[in-house]
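Heads up, upload_10.pdb below (PDB, C-alpha atoms):
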ATOM      1  CA  MET A   1       6.203  -2.760  13.904
ATOM      2  CA  ARG A   2       8.777  -2.434  16.664
ATOM      3  CA  ARG A   3       8.702   0.715  18.743
ATOM      4  CA  SER A   4      11.751   1.865  20.682
ATOM      5  CA  LEU A   5      12.562   4.914  22.734
ATOM      6  CA  PRO A   6      14.571   7.640  20.991
ATOM      7  CA  SER A   7      17.942   8.655  22.379
ATOM      8  CA  LEU A   8      20.501  11.335  21.622
ATOM      9  CA  ALA A   9      22.089  10.516  18.278
ATOM     10  CA  ALA A  10      23.103  12.435  15.169
ATOM     11  CA  VAL A  11      20.250  10.915  13.164
ATOM     12  CA  ARG A  12      17.380   8.649  14.090
ATOM     13  CA  GLY A  13      14.716   7.163  11.928
ATOM     14  CA  TRP A  14      13.246   4.017  10.424
ATOM     15  CA  ARG A  15      15.396   1.691   8.323
ATOM     16  CA  TYR A  16      15.221  -1.791   6.843
ATOM     17  CA  GLU A  17      18.014  -4.205   5.932
ATOM     18  CA  ARG A  18      15.975  -6.190   3.410
ATOM     19  CA  CYS A  19      12.662  -5.903   1.624
ATOM     20  CA  GLY A  20       9.660  -7.471   3.314
ATOM     21  CA  LEU A  21       6.509  -6.756   5.281
ATOM     22  CA  PRO A  22       6.932  -3.331   6.910
ATOM     23  CA  GLY A  23       5.795  -4.606  10.291
ATOM     24  CA  LYS A  24       8.619  -7.152  10.265
ATOM     25  CA  VAL A  25      11.527  -5.384   8.586
ATOM     26  CA  LEU A  26      11.160  -1.721   9.610
ATOM     27  CA  GLN A  27      13.049  -0.842  12.774
ATOM     28  CA  GLN A  28      13.763   2.430  14.479
ATOM     29  CA  GLY A  29      17.471   3.071  14.816
ATOM     30  CA  GLU A  30      20.208   5.617  15.267
ATOM     31  CA  TRP A  31      23.220   6.295  13.080
ATOM     32  CA  ALA A  32      25.882   8.891  12.466
ATOM     33  CA  ALA A  33      25.097  11.538   9.861
ATOM     34  CA  PRO A  34      26.977  10.926   6.581
ATOM     35  CA  THR A  35      29.874  13.185   5.701
ATOM     36  CA  LEU A  36      28.615  16.266   3.861
ATOM     37  CA  GLY A  37      29.948  16.392   0.302
ATOM     38  CA  GLU A  38      30.869  19.523  -1.627
ATOM     39  CA  HIS A  39      27.534  19.569  -3.472
ATOM     40  CA  ASP A  40      25.420  18.107  -0.667
ATOM     41  CA  VAL A  41      22.824  19.529   1.671
ATOM     42  CA  ARG A  42      21.772  18.312   5.086
ATOM     43  CA  VAL A  43      18.012  18.621   5.531
ATOM     44  CA  LYS A  44      16.270  18.634   8.892
ATOM     45  CA  MET A  45      13.004  16.901   8.060
ATOM     46  CA  GLN A  46       9.898  18.751   9.211
ATOM     47  CA  ALA A  47       6.982  16.877   7.632
ATOM     48  CA  VAL A  48       6.896  13.490   5.916
ATOM     49  CA  PRO A  49       3.807  11.971   4.267
ATOM     50  CA  VAL A  50       3.226   8.219   4.588
ATOM     51  CA  LEU A  51       2.064   6.990   1.176
ATOM     52  CA  ALA A  52       1.156   3.707  -0.483
ATOM     53  CA  GLN A  53       4.400   3.844  -2.465
ATOM     54  CA  ASP A  54       6.334   3.820   0.811
ATOM     55  CA  VAL A  55       4.772   0.448   1.610
ATOM     56  CA  GLN A  56       5.530  -0.804  -1.908
ATOM     57  CA  MET A  57       9.143   0.360  -1.646
ATOM     58  CA  VAL A  58       9.710  -1.548   1.601
ATOM     59  CA  LEU A  59       8.007  -4.604   0.128
ATOM     60  CA  GLY A  60      10.292  -4.392  -2.925
ATOM     61  CA  MET A  61       7.230  -4.109  -5.169
ATOM     62  CA  TYR A  62       7.569  -0.542  -6.429
ATOM     63  CA  GLY A  63       7.974  -1.416 -10.089
ATOM     64  CA  GLY A  64      11.529  -2.683  -9.590
ATOM     65  CA  TYR A  65      12.593   0.627  -8.043
ATOM     66  CA  LYS A  66      14.513   0.002  -4.816
ATOM     67  CA  ALA A  67      16.886   1.638  -2.378
ATOM     68  CA  GLU A  68      20.433   2.212  -3.608
ATOM     69  CA  ALA A  69      21.962   0.357  -0.649
ATOM     70  CA  TYR A  70      20.978  -1.408   2.579
ATOM     71  CA  PRO A  71      20.295  -0.757   5.378
ATOM     72  CA  ALA A  72      18.001   1.754   3.712
ATOM     73  CA  VAL A  73      15.998   4.593   5.198
ATOM     74  CA  ALA A  74      12.312   4.141   4.412
ATOM     75  CA  GLY A  75      10.121   6.866   2.942
ATOM     76  CA  THR A  76      10.006   8.398  -0.519
ATOM     77  CA  GLU A  77       8.927  12.010   0.039
ATOM     78  CA  GLY A  78       9.161  14.762   2.616
ATOM     79  CA  VAL A  79       9.965  18.407   3.279
ATOM     80  CA  GLY A  80      12.370  20.168   5.589
ATOM     81  CA  GLU A  81      14.929  22.912   6.046
ATOM     82  CA  VAL A  82      18.545  22.889   4.904
ATOM     83  CA  VAL A  83      20.645  23.126   8.075
ATOM     84  CA  GLU A  84      24.022  22.650   6.403
ATOM     85  CA  ALA A  85      25.213  23.073   2.815
ATOM     86  CA  GLY A  86      28.388  21.970   1.056
ATOM     87  CA  ALA A  87      30.837  24.548  -0.256
ATOM     88  CA  SER A  88      29.560  24.205  -3.854
ATOM     89  CA  SER A  89      25.882  23.616  -3.110
ATOM     90  CA  CYS A  90      23.399  25.722  -5.076
ATOM     91  CA  VAL A  91      20.923  25.546  -2.189
ATOM     92  CA  ALA A  92      21.706  27.698   0.833
ATOM     93  CA  LYS A  93      21.330  27.006   4.524
ATOM     94  CA  GLY A  94      17.874  27.977   5.787
ATOM     95  CA  THR A  95      16.090  27.081   2.524
ATOM     96  CA  LYS A  96      12.851  25.066   2.764
ATOM     97  CA  VAL A  97      12.993  22.123   0.345
ATOM     98  CA  ALA A  98      11.231  18.936  -0.755
ATOM     99  CA  LEU A  99      13.103  15.744  -1.534
ATOM    100  CA  ALA A 100      13.222  15.088  -5.269
ATOM    101  CA  LYS A 101      14.609  11.566  -5.420
ATOM    102  CA  GLN A 102      12.408   8.807  -4.123
ATOM    103  CA  ASN A 103      15.068   6.363  -2.948
ATOM    104  CA  VAL A 104      16.984   8.831  -0.780
ATOM    105  CA  GLY A 105      14.855   7.903   2.249
ATOM    106  CA  SER A 106      12.784  10.403   4.232
ATOM    107  CA  PHE A 107      11.711   8.681   7.466
ATOM    108  CA  ALA A 108      14.510  10.220   9.507
ATOM    109  CA  THR A 109      15.201  13.324  11.551
ATOM    110  CA  GLU A 110      17.818  14.419   8.990
ATOM    111  CA  VAL A 111      18.604  13.509   5.397
ATOM    112  CA  THR A 112      21.884  14.165   3.582
ATOM    113  CA  THR A 113      21.746  14.206  -0.210
ATOM    114  CA  SER A 114      22.936  16.062  -3.302
ATOM    115  CA  HIS A 115      21.565  19.552  -3.928
ATOM    116  CA  GLU A 116      20.280  18.125  -7.225
ATOM    117  CA  HIS A 117      17.903  15.910  -5.254
ATOM    118  CA  VAL A 118      15.904  18.697  -3.592
ATOM    119  CA  ILE A 119      13.362  21.234  -4.835
ATOM    120  CA  VAL A 120      13.100  24.698  -3.283
ATOM    121  CA  LEU A 121       9.570  25.102  -1.928
ATOM    122  CA  PRO A 122       7.166  27.976  -2.583
ATOM    123  CA  LYS A 123       6.336  30.055   0.470
ATOM    124  CA  GLY A 124       3.039  30.564   2.250
ATOM    125  CA  LEU A 125       2.026  26.965   3.069
ATOM    126  CA  ASP A 126       2.169  25.071   6.341
ATOM    127  CA  ALA A 127       4.467  22.043   6.604
ATOM    128  CA  ALA A 128       1.677  19.456   6.325
ATOM    129  CA  THR A 129       0.441  20.995   3.059
ATOM    130  CA  GLN A 130       4.000  21.302   1.742
ATOM    131  CA  ALA A 131       4.441  17.588   2.431
ATOM    132  CA  VAL A 132       1.655  16.673  -0.019
ATOM    133  CA  LEU A 133       2.735  19.146  -2.717
ATOM    134  CA  PRO A 134       4.195  16.283  -4.820
ATOM    135  CA  LEU A 135       0.649  14.921  -5.211
ATOM    136  CA  TYR A 136      -0.497  18.261  -6.606
ATOM    137  CA  ALA A 137       2.653  18.522  -8.734
ATOM    138  CA  ALA A 138       1.889  15.119 -10.269
ATOM    139  CA  ALA A 139      -1.704  16.256 -10.839
ATOM    140  CA  VAL A 140      -0.532  19.449 -12.559
ATOM    141  CA  ARG A 141       1.676  17.462 -14.920
ATOM    142  CA  MET A 142      -1.048  14.928 -15.762
ATOM    143  CA  ALA A 143      -3.606  17.679 -16.399
ATOM    144  CA  THR A 144      -1.109  19.452 -18.678
ATOM    145  CA  ASP A 145       1.125  16.961 -20.468
ATOM    146  CA  PHE A 146      -1.400  14.784 -22.303
ATOM    147  CA  GLY A 147      -3.494  17.380 -24.098
ATOM    148  CA  ASP A 148      -5.842  20.296 -23.490
ATOM    149  CA  VAL A 149      -8.461  19.244 -20.938
ATOM    150  CA  ALA A 150     -10.443  22.514 -20.932
ATOM    151  CA  GLY A 151     -14.086  21.855 -21.725
ATOM    152  CA  LYS A 152     -13.453  18.097 -22.094
ATOM    153  CA  ASN A 153     -15.148  15.267 -20.233
ATOM    154  CA  CYS A 154     -12.625  13.634 -17.918
ATOM    155  CA  VAL A 155     -12.921  10.572 -15.700
ATOM    156  CA  VAL A 156     -10.626   9.943 -12.725
ATOM    157  CA  LEU A 157     -10.597   6.321 -11.594
ATOM    158  CA  GLY A 158      -9.718   6.445  -7.918
ATOM    159  CA  ALA A 159     -10.976   9.997  -7.378
ATOM    160  CA  ASP A 160     -11.522   9.237  -3.671
ATOM    161  CA  SER A 161      -7.797   8.602  -3.115
ATOM    162  CA  PRO A 162      -5.392  11.435  -2.174
ATOM    163  CA  MET A 163      -3.803  11.392  -5.663
ATOM    164  CA  GLY A 164      -7.182  11.182  -7.361
ATOM    165  CA  SER A 165      -8.572  13.990  -5.209
ATOM    166  CA  ALA A 166      -5.700  16.285  -6.173
ATOM    167  CA  LEU A 167      -6.043  15.378  -9.845
ATOM    168  CA  ALA A 168      -9.803  15.992  -9.918
ATOM    169  CA  ALA A 169      -9.288  19.401  -8.288
ATOM    170  CA  VAL A 170      -6.586  20.418 -10.770
ATOM    171  CA  LEU A 171      -8.648  19.224 -13.747
ATOM    172  CA  LYS A 172     -11.589  21.343 -12.581
ATOM    173  CA  SER A 173      -9.360  24.392 -12.178
ATOM    174  CA  LYS A 174      -8.227  23.915 -15.781
ATOM    175  CA  GLY A 175     -11.819  23.898 -17.017
ATOM    176  CA  ALA A 176     -12.341  20.166 -17.426
ATOM    177  CA  LYS A 177     -15.701  18.506 -16.817
ATOM    178  CA  VAL A 178     -15.337  15.801 -14.171
ATOM    179  CA  ASP A 179     -19.006  15.197 -13.378
ATOM    180  CA  GLY A 180     -19.076  11.808 -15.107
ATOM    181  CA  LYS A 181     -21.589  12.924 -17.724
ATOM    182  CA  GLY A 182     -20.914  12.043 -21.355
ATOM    183  CA  ALA A 183     -18.205   9.939 -23.009
ATOM    184  CA  ALA A 184     -14.783  10.778 -21.625
ATOM    185  CA  ALA A 185     -12.089  12.366 -23.792
ATOM    186  CA  PHE A 186      -9.575  11.632 -21.021
ATOM    187  CA  VAL A 187      -9.546   8.742 -18.565
ATOM    188  CA  PHE A 188      -7.032   9.028 -15.720
ATOM    189  CA  ASN A 189      -6.602   5.542 -14.340
ATOM    190  CA  GLY A 190      -5.437   4.920 -10.799
ATOM    191  CA  VAL A 191      -7.391   1.709 -10.247
ATOM    192  CA  GLY A 192      -6.997  -0.726 -13.152
ATOM    193  CA  GLY A 193      -8.867  -4.020 -13.388
ATOM    194  CA  THR A 194     -12.580  -4.083 -14.148
ATOM    195  CA  ALA A 195     -12.938  -0.336 -13.504
ATOM    196  CA  LEU A 196     -10.466   0.404 -16.288
ATOM    197  CA  ALA A 197     -12.173  -2.076 -18.624
ATOM    198  CA  ALA A 198     -15.523  -0.355 -18.067
ATOM    199  CA  ALA A 199     -13.996   3.100 -18.582
ATOM    200  CA  VAL A 200     -12.395   2.015 -21.866
ATOM    201  CA  ASP A 201     -15.747   0.677 -23.076
ATOM    202  CA  ALA A 202     -17.430   4.005 -22.239
ATOM    203  CA  ALA A 203     -14.662   6.320 -23.495
ATOM    204  CA  ALA A 204     -15.138   8.580 -26.496
ATOM    205  CA  ASP A 205     -13.498   7.841 -29.835
ATOM    206  CA  ARG A 206      -9.815   8.869 -29.871
ATOM    207  CA  ALA A 207      -9.814   9.316 -26.111
ATOM    208  CA  THR A 208      -6.572   9.326 -24.141
ATOM    209  CA  ILE A 209      -6.145   6.847 -21.279
ATOM    210  CA  VAL A 210      -3.484   7.917 -18.746
ATOM    211  CA  THR A 211      -2.506   5.321 -16.147
ATOM    212  CA  PHE A 212      -0.884   6.548 -12.935
ATOM    213  CA  GLY A 213      -1.627   3.644 -10.590
ATOM    214  CA  ASN A 214      -3.245   0.251 -10.089
ATOM    215  CA  SER A 215      -4.811   0.269  -6.635
ATOM    216  CA  SER A 216      -7.011  -2.749  -7.414
ATOM    217  CA  GLY A 217      -3.975  -4.988  -7.845
ATOM    218  CA  GLU A 218      -5.763  -6.587 -10.799
ATOM    219  CA  LYS A 219      -4.389  -6.943 -14.295
ATOM    220  CA  MET A 220      -4.787  -3.915 -16.551
ATOM    221  CA  GLY A 221      -7.358  -5.844 -18.534
ATOM    222  CA  PHE A 222      -9.501  -4.234 -21.219
ATOM    223  CA  ASP A 223     -10.785  -5.206 -24.634
ATOM    224  CA  GLY A 224      -7.979  -4.491 -27.092
ATOM    225  CA  THR A 225     -10.403  -4.595 -29.990
ATOM    226  CA  VAL A 226     -12.396  -1.744 -28.446
ATOM    227  CA  ALA A 227      -9.201   0.276 -27.989
ATOM    228  CA  VAL A 228      -8.226  -0.273 -31.633
ATOM    229  CA  LEU A 229     -11.653   0.483 -33.104
ATOM    230  CA  LYS A 230     -11.980   3.647 -31.019
ATOM    231  CA  GLY A 231      -8.443   4.767 -31.808
ATOM    232  CA  LEU A 232      -7.587   5.168 -28.117
ATOM    233  CA  THR A 233      -4.186   6.456 -27.017
ATOM    234  CA  MET A 234      -2.591   4.727 -24.027
ATOM    235  CA  ARG A 235      -0.206   6.806 -21.914
ATOM    236  CA  SER A 236       1.271   6.576 -18.425
ATOM    237  CA  PHE A 237       2.594   8.901 -15.750
ATOM    238  CA  TRP A 238       5.052   8.138 -12.949
ATOM    239  CA  TYR A 239       6.058  11.024 -10.704
ATOM    240  CA  ASN A 240       9.546   9.618 -10.144
ATOM    241  CA  ARG A 241      10.198   9.434 -13.899
ATOM    242  CA  TRP A 242       9.148  13.073 -14.228
ATOM    243  CA  LEU A 243      11.526  14.027 -11.412
ATOM    244  CA  GLN A 244      14.391  12.286 -13.196
ATOM    245  CA  LYS A 245      13.721  13.858 -16.610
ATOM    246  CA  SER A 246      12.551  17.375 -15.743
ATOM    247  CA  ASP A 247      14.928  20.314 -15.346
ATOM    248  CA  GLY A 248      15.073  22.778 -12.477
ATOM    249  CA  ALA A 249      12.966  25.411 -14.213
ATOM    250  CA  GLU A 250      10.143  22.982 -14.970
ATOM    251  CA  ARG A 251      10.185  21.631 -11.428
ATOM    252  CA  ALA A 252      10.058  25.123  -9.938
ATOM    253  CA  ALA A 253       7.175  26.208 -12.190
ATOM    254  CA  THR A 254       5.258  23.004 -11.491
ATOM    255  CA  PHE A 255       5.621  23.367  -7.732
ATOM    256  CA  GLU A 256       4.528  27.006  -7.877
ATOM    257  CA  GLU A 257       1.351  25.932  -9.654
ATOM    258  CA  ALA A 258       0.971  22.998  -7.279
ATOM    259  CA  ALA A 259       1.185  25.361  -4.303
ATOM    260  CA  ALA A 260      -1.690  27.428  -5.704
ATOM    261  CA  GLU A 261      -3.748  24.267  -6.286
ATOM    262  CA  ALA A 262      -2.985  22.967  -2.779
ATOM    263  CA  LYS A 263      -4.960  25.856  -1.296
ATOM    264  CA  SER A 264      -8.105  24.057  -2.489
ATOM    265  CA  GLY A 265      -7.564  21.584   0.345
ATOM    266  CA  ALA A 266      -8.576  18.667  -1.889
ATOM    267  CA  VAL A 267      -6.002  16.377  -0.255
ATOM    268  CA  LYS A 268      -6.838  15.841   3.409
ATOM    269  CA  THR A 269      -4.032  15.251   5.883
ATOM    270  CA  LYS A 270      -3.802  14.086   9.480
ATOM    271  CA  SER A 271      -0.789  14.986  11.585
ATOM    272  CA  TYR A 272       1.293  12.607  13.703
ATOM    273  CA  THR A 273       4.408  13.187  15.767
ATOM    274  CA  PHE A 274       7.667  11.381  15.100
ATOM    275  CA  ALA A 275       7.005   9.221  18.143
ATOM    276  CA  GLN A 276       3.698   8.157  16.552
ATOM    277  CA  PHE A 277       5.335   7.070  13.315
ATOM    278  CA  ALA A 278       4.224   3.445  13.583
ATOM    279  CA  ASP A 279       0.626   4.563  14.095
ATOM    280  CA  ALA A 280       0.891   6.835  11.063
ATOM    281  CA  PHE A 281       2.229   3.980   8.956
ATOM    282  CA  ASP A 282      -0.695   1.791  10.021
ATOM    283  CA  ALA A 283      -3.131   4.636   9.260
ATOM    284  CA  GLN A 284      -1.950   4.699   5.639
ATOM    285  CA  TYR A 285      -3.948   1.530   5.067
ATOM    286  CA  ALA A 286      -7.228   3.052   6.242
ATOM    287  CA  GLY A 287      -9.244   6.023   4.992
ATOM    288  CA  THR A 288      -8.405   8.678   2.451
ATOM    289  CA  GLU A 289      -6.384  11.058   4.623
ATOM    290  CA  VAL A 290      -2.632  11.265   4.142
ATOM    291  CA  PRO A 291      -0.832  10.655   7.456
ATOM    292  CA  VAL A 292       1.881  13.326   7.848
ATOM    293  CA  VAL A 293       4.628  12.814  10.420
ATOM    294  CA  SER A 294       5.940  16.120  11.751
ATOM    295  CA  ALA A 295       9.056  16.803  13.767
TER     296      ALA A 295
END
Give the structure from the file, written as structure tokens.
Amino acid sequence: MRRSLPSLAAVRGWRYERCGLPGKVLQQGEWAAPTLGEHDVRVKMQAVPVLAQDVQMVLGMYGGYKAEAYPAVAGTEGVGEVVEAGASSCVAKGTKVALAKQNVGSFATEVTTSHEHVIVLPKGLDAATQAVLPLYAAAVRMATDFGDVAGKNCVVLGADSPMGSALAAVLKSKGAKVDGKGAAAFVFNGVGGTALAAAVDAAADRATIVTFGNSSGEKMGFDGTVAVLKGLTMRSFWYNRWLQKSDGAERAATFEEAAAEAKSGAVKTKSYTFAQFADAFDAQYAGTEVPVVSA
């Protein structure tokens, strides 16, 4: 990944002109801030997590979901402070927000977007924890939207990943049993492949299988006959789809609950400076900590 010295410019960050290997297509650059629209906000980014989906987005392998135009700013999530607001914006200057549209681009010193594409953040958390709130928000939705998990045996495939760690913590707080004992009433699948096949075989009758990822890169292979005979229900969760379909009230309530769950510290982070961005991107491939780039 190319490293270059920053200079005085309206906005600087990491962009790519085409999809490809991040180390080859991502370049640090400078550009003029876009004109602020009537309903827009300009957000000074304060903390940006580097996630697997950021790699997939640059590769062009994020389920067909790509940037709206190129050159595109990399990054799908991040938090910051509104430093300028359009005349008709519902979000005021000085408000701490999280980006709520994953192809806006977050790996930059400033981001300009519609007020509809940000979520006002709960107070009382440091910037690094705020940056991983979307993981907890996704966990809250998965532990809520697919049935009552209280007292039920639940299995999280990929529980050692940041997303899996958040989900396991939220499930426990809602009274679920995640100790791996007994047939599972809920299987939350972030791995796929042979791990999913084994979990389907071991699941209880009429269990619900919720897929939120496929870290193995293998086919989602399992015995269909087993699924039919057990009466299993197959569901899926994608955070970006929830962002697109949820209303402001649901988002706000979810993030409030996510903020409370984040105090568990289940998701571990490691801080990097903006100048260390390339190192943070490389660190995403190793370990279970979420690299967080702070201004």
Please provide the set of residues having any atom within 12 Å of Ser246 of chain A, restricted to only C-alpha atoms, with same-chain residues fewer than 4 positions apart removed, written as a list in words.
-> Ala100, Glu116, His117, Ile119, Arg141, Tyr239, Asn240, Arg241, Trp242, Glu250, Arg251, Ala252, Ala253 and Thr254 of chain A
Got a sec: who's within 7 Å of Thr273 of chain A, counting all atoms listed in the file, leaving out chain neighbours fewer than 2 positions off, as a list in words?
->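 Non-adjacent residues within range: Ser271, Ala275, Gln276, Phe277, Val293, Ser294 and Ala295 of chain A.
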Up to 10 Å from (-5.8, 12.1, -10.1) in the file's coordinates: name the residues, counting all atoms listed in the file, as a PyMOL selection string.
-> chain A and resi 135-136+138-140+142-143+155-171+187-190+210-213
For the residues in the current selection, export C-alpha atoms as a short mmCIF file (atom, residue, chain, number, x, y, z; two decimals), in the coordinates of the input.
data_model
loop_
_atom_site.label_atom_id
_atom_site.label_comp_id
_atom_site.auth_asym_id
_atom_site.auth_seq_id
_atom_site.Cartn_x
_atom_site.Cartn_y
_atom_site.Cartn_z
CA LEU A 135 0.65 14.92 -5.21
CA TYR A 136 -0.50 18.26 -6.61
CA ALA A 138 1.89 15.12 -10.27
CA ALA A 139 -1.70 16.26 -10.84
CA VAL A 140 -0.53 19.45 -12.56
CA MET A 142 -1.05 14.93 -15.76
CA ALA A 143 -3.61 17.68 -16.40
CA VAL A 155 -12.92 10.57 -15.70
CA VAL A 156 -10.63 9.94 -12.72
CA LEU A 157 -10.60 6.32 -11.59
CA GLY A 158 -9.72 6.44 -7.92
CA ALA A 159 -10.98 10.00 -7.38
CA ASP A 160 -11.52 9.24 -3.67
CA SER A 161 -7.80 8.60 -3.12
CA PRO A 162 -5.39 11.44 -2.17
CA MET A 163 -3.80 11.39 -5.66
CA GLY A 164 -7.18 11.18 -7.36
CA SER A 165 -8.57 13.99 -5.21
CA ALA A 166 -5.70 16.28 -6.17
CA LEU A 167 -6.04 15.38 -9.85
CA ALA A 168 -9.80 15.99 -9.92
CA ALA A 169 -9.29 19.40 -8.29
CA VAL A 170 -6.59 20.42 -10.77
CA LEU A 171 -8.65 19.22 -13.75
CA VAL A 187 -9.55 8.74 -18.57
CA PHE A 188 -7.03 9.03 -15.72
CA ASN A 189 -6.60 5.54 -14.34
CA GLY A 190 -5.44 4.92 -10.80
CA VAL A 210 -3.48 7.92 -18.75
CA THR A 211 -2.51 5.32 -16.15
CA PHE A 212 -0.88 6.55 -12.94
CA GLY A 213 -1.63 3.64 -10.59
#
Name the residues that the PyMOL selection byres ((chain A and resi 51) around 12) picks from the file above, as a short mmCIF file (atom, residue, chain, number, x, y, z; two decimals) with C-alpha atoms, in the coordinates of the input, using the file's chain letters and numbers.
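After the write, expr_18.cif holds the following:
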data_model
loop_
_atom_site.label_atom_id
_atom_site.label_comp_id
_atom_site.auth_asym_id
_atom_site.auth_seq_id
_atom_site.Cartn_x
_atom_site.Cartn_y
_atom_site.Cartn_z
CA VAL A 48 6.90 13.49 5.92
CA PRO A 49 3.81 11.97 4.27
CA VAL A 50 3.23 8.22 4.59
CA ALA A 52 1.16 3.71 -0.48
CA GLN A 53 4.40 3.84 -2.46
CA ASP A 54 6.33 3.82 0.81
CA VAL A 55 4.77 0.45 1.61
CA GLN A 56 5.53 -0.80 -1.91
CA MET A 57 9.14 0.36 -1.65
CA VAL A 58 9.71 -1.55 1.60
CA ALA A 74 12.31 4.14 4.41
CA GLY A 75 10.12 6.87 2.94
CA THR A 76 10.01 8.40 -0.52
CA GLU A 77 8.93 12.01 0.04
CA GLY A 78 9.16 14.76 2.62
CA GLN A 102 12.41 8.81 -4.12
CA SER A 106 12.78 10.40 4.23
CA PHE A 107 11.71 8.68 7.47
CA ALA A 131 4.44 17.59 2.43
CA VAL A 132 1.66 16.67 -0.02
CA PRO A 134 4.20 16.28 -4.82
CA LEU A 135 0.65 14.92 -5.21
CA SER A 161 -7.80 8.60 -3.12
CA PRO A 162 -5.39 11.44 -2.17
CA MET A 163 -3.80 11.39 -5.66
CA THR A 269 -4.03 15.25 5.88
CA ALA A 280 0.89 6.84 11.06
CA PHE A 281 2.23 3.98 8.96
CA ASP A 282 -0.70 1.79 10.02
CA ALA A 283 -3.13 4.64 9.26
CA GLN A 284 -1.95 4.70 5.64
CA TYR A 285 -3.95 1.53 5.07
CA ALA A 286 -7.23 3.05 6.24
CA GLY A 287 -9.24 6.02 4.99
CA THR A 288 -8.40 8.68 2.45
CA GLU A 289 -6.38 11.06 4.62
CA VAL A 290 -2.63 11.26 4.14
CA PRO A 291 -0.83 10.66 7.46
CA VAL A 292 1.88 13.33 7.85
CA VAL A 293 4.63 12.81 10.42
#
Neighbours of Ala183 of chain A within 9 Å (only C-alpha atoms; same-chain residues fewer than 6 positions away dropped), as JSON, numbers by chain?
-> {"A": [153, 154, 202, 203, 204, 205, 207]}
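Separating atom CA of Pro71 of chain A from atom CA of Ala98 of chain A is a distance of 22.5 Å.
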Enclose segment 15-22 of chain A, meaning all of its atoms listed in the file, in a box aligned along x, y and z, pad it by 4 Å on each side, and list the centre and edge lengths in Å to one decimal, as AutoDock Vina command-line options.
--center_x 12.3 --center_y -2.9 --center_z 5.0 --size_x 19.5 --size_y 17.2 --size_z 14.7
Å distance separating atom CA of Gly94 of chain A from atom CA of Ala128 of chain A, one decimal place |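 A separation of 18.3 Å between them.
The gap separating atom CA of Val11 of chain A from atom CA of His115 of chain A is 19.2 Å, in Å to one decimal.
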So, counting only C-alpha atoms, which residue among A:Asp145, A:Tyr65, A:Phe274, A:Ala197 is closest to Arg235 of chain A?
->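 Under the stated criterion, the closest residue is A:Asp145.
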Determine the residue set returned by the PyMOL selection byres ((chain A and resi 219) around 12) for the present structure, and present it as a compact mmCIF listing (two decimals) with C-alpha atoms, keeping the file's coordinate frame.
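Once written, selection_3.txt looks like this:
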# COMPACT_ATOMS: atom_id res chain seq x y z
CA VAL A 191 -7.39 1.71 -10.25
CA GLY A 192 -7.00 -0.73 -13.15
CA GLY A 193 -8.87 -4.02 -13.39
CA THR A 194 -12.58 -4.08 -14.15
CA ALA A 195 -12.94 -0.34 -13.50
CA LEU A 196 -10.47 0.40 -16.29
CA ALA A 197 -12.17 -2.08 -18.62
CA GLY A 213 -1.63 3.64 -10.59
CA ASN A 214 -3.24 0.25 -10.09
CA SER A 215 -4.81 0.27 -6.64
CA SER A 216 -7.01 -2.75 -7.41
CA GLY A 217 -3.98 -4.99 -7.84
CA GLU A 218 -5.76 -6.59 -10.80
CA MET A 220 -4.79 -3.92 -16.55
CA GLY A 221 -7.36 -5.84 -18.53
CA PHE A 222 -9.50 -4.23 -21.22
Residues selected by the PyMOL selection byres ((chain A and resi 18-22) around 7), written as a list in words | Tyr16, Glu17, Gly23, Lys24, Val25, Leu26, Val55, Val58, Leu59, Gly60 and Tyr70 of chain A
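Restricting the calculation to all atoms listed in the file, the smallest distance between Val111 of chain A and any of A:Val149, A:Ala185, A:Ala33, A:Ala198 is found for A:Ala33.
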Using all atoms listed in the file, which of the listed residues (A:Gln28, A:Trp14, A:Ala184, A:Ala67) sits closest to Ala199 of chain A?
->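 Going through A:Gln28, A:Trp14, A:Ala184, A:Ala67 one by one, the smallest distance to Ala199 of chain A is for A:Ala184.
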Could you check which of A:Gly265, A:Gly224, A:Gly147, A:Gly231 is closest to Leu125 of chain A, using all atoms listed in the file?
->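 Looking at the shortest contact to Leu125 of chain A, the residue is A:Gly265.
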In terms of the shortest atom-to-atom distance over only C-alpha atoms, which of A:Arg15, A:Lys263, A:Lys66, A:Lys44 is closest to Ser173 of chain A?
->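 Answer, going by the shortest atom-to-atom distance: A:Lys263.
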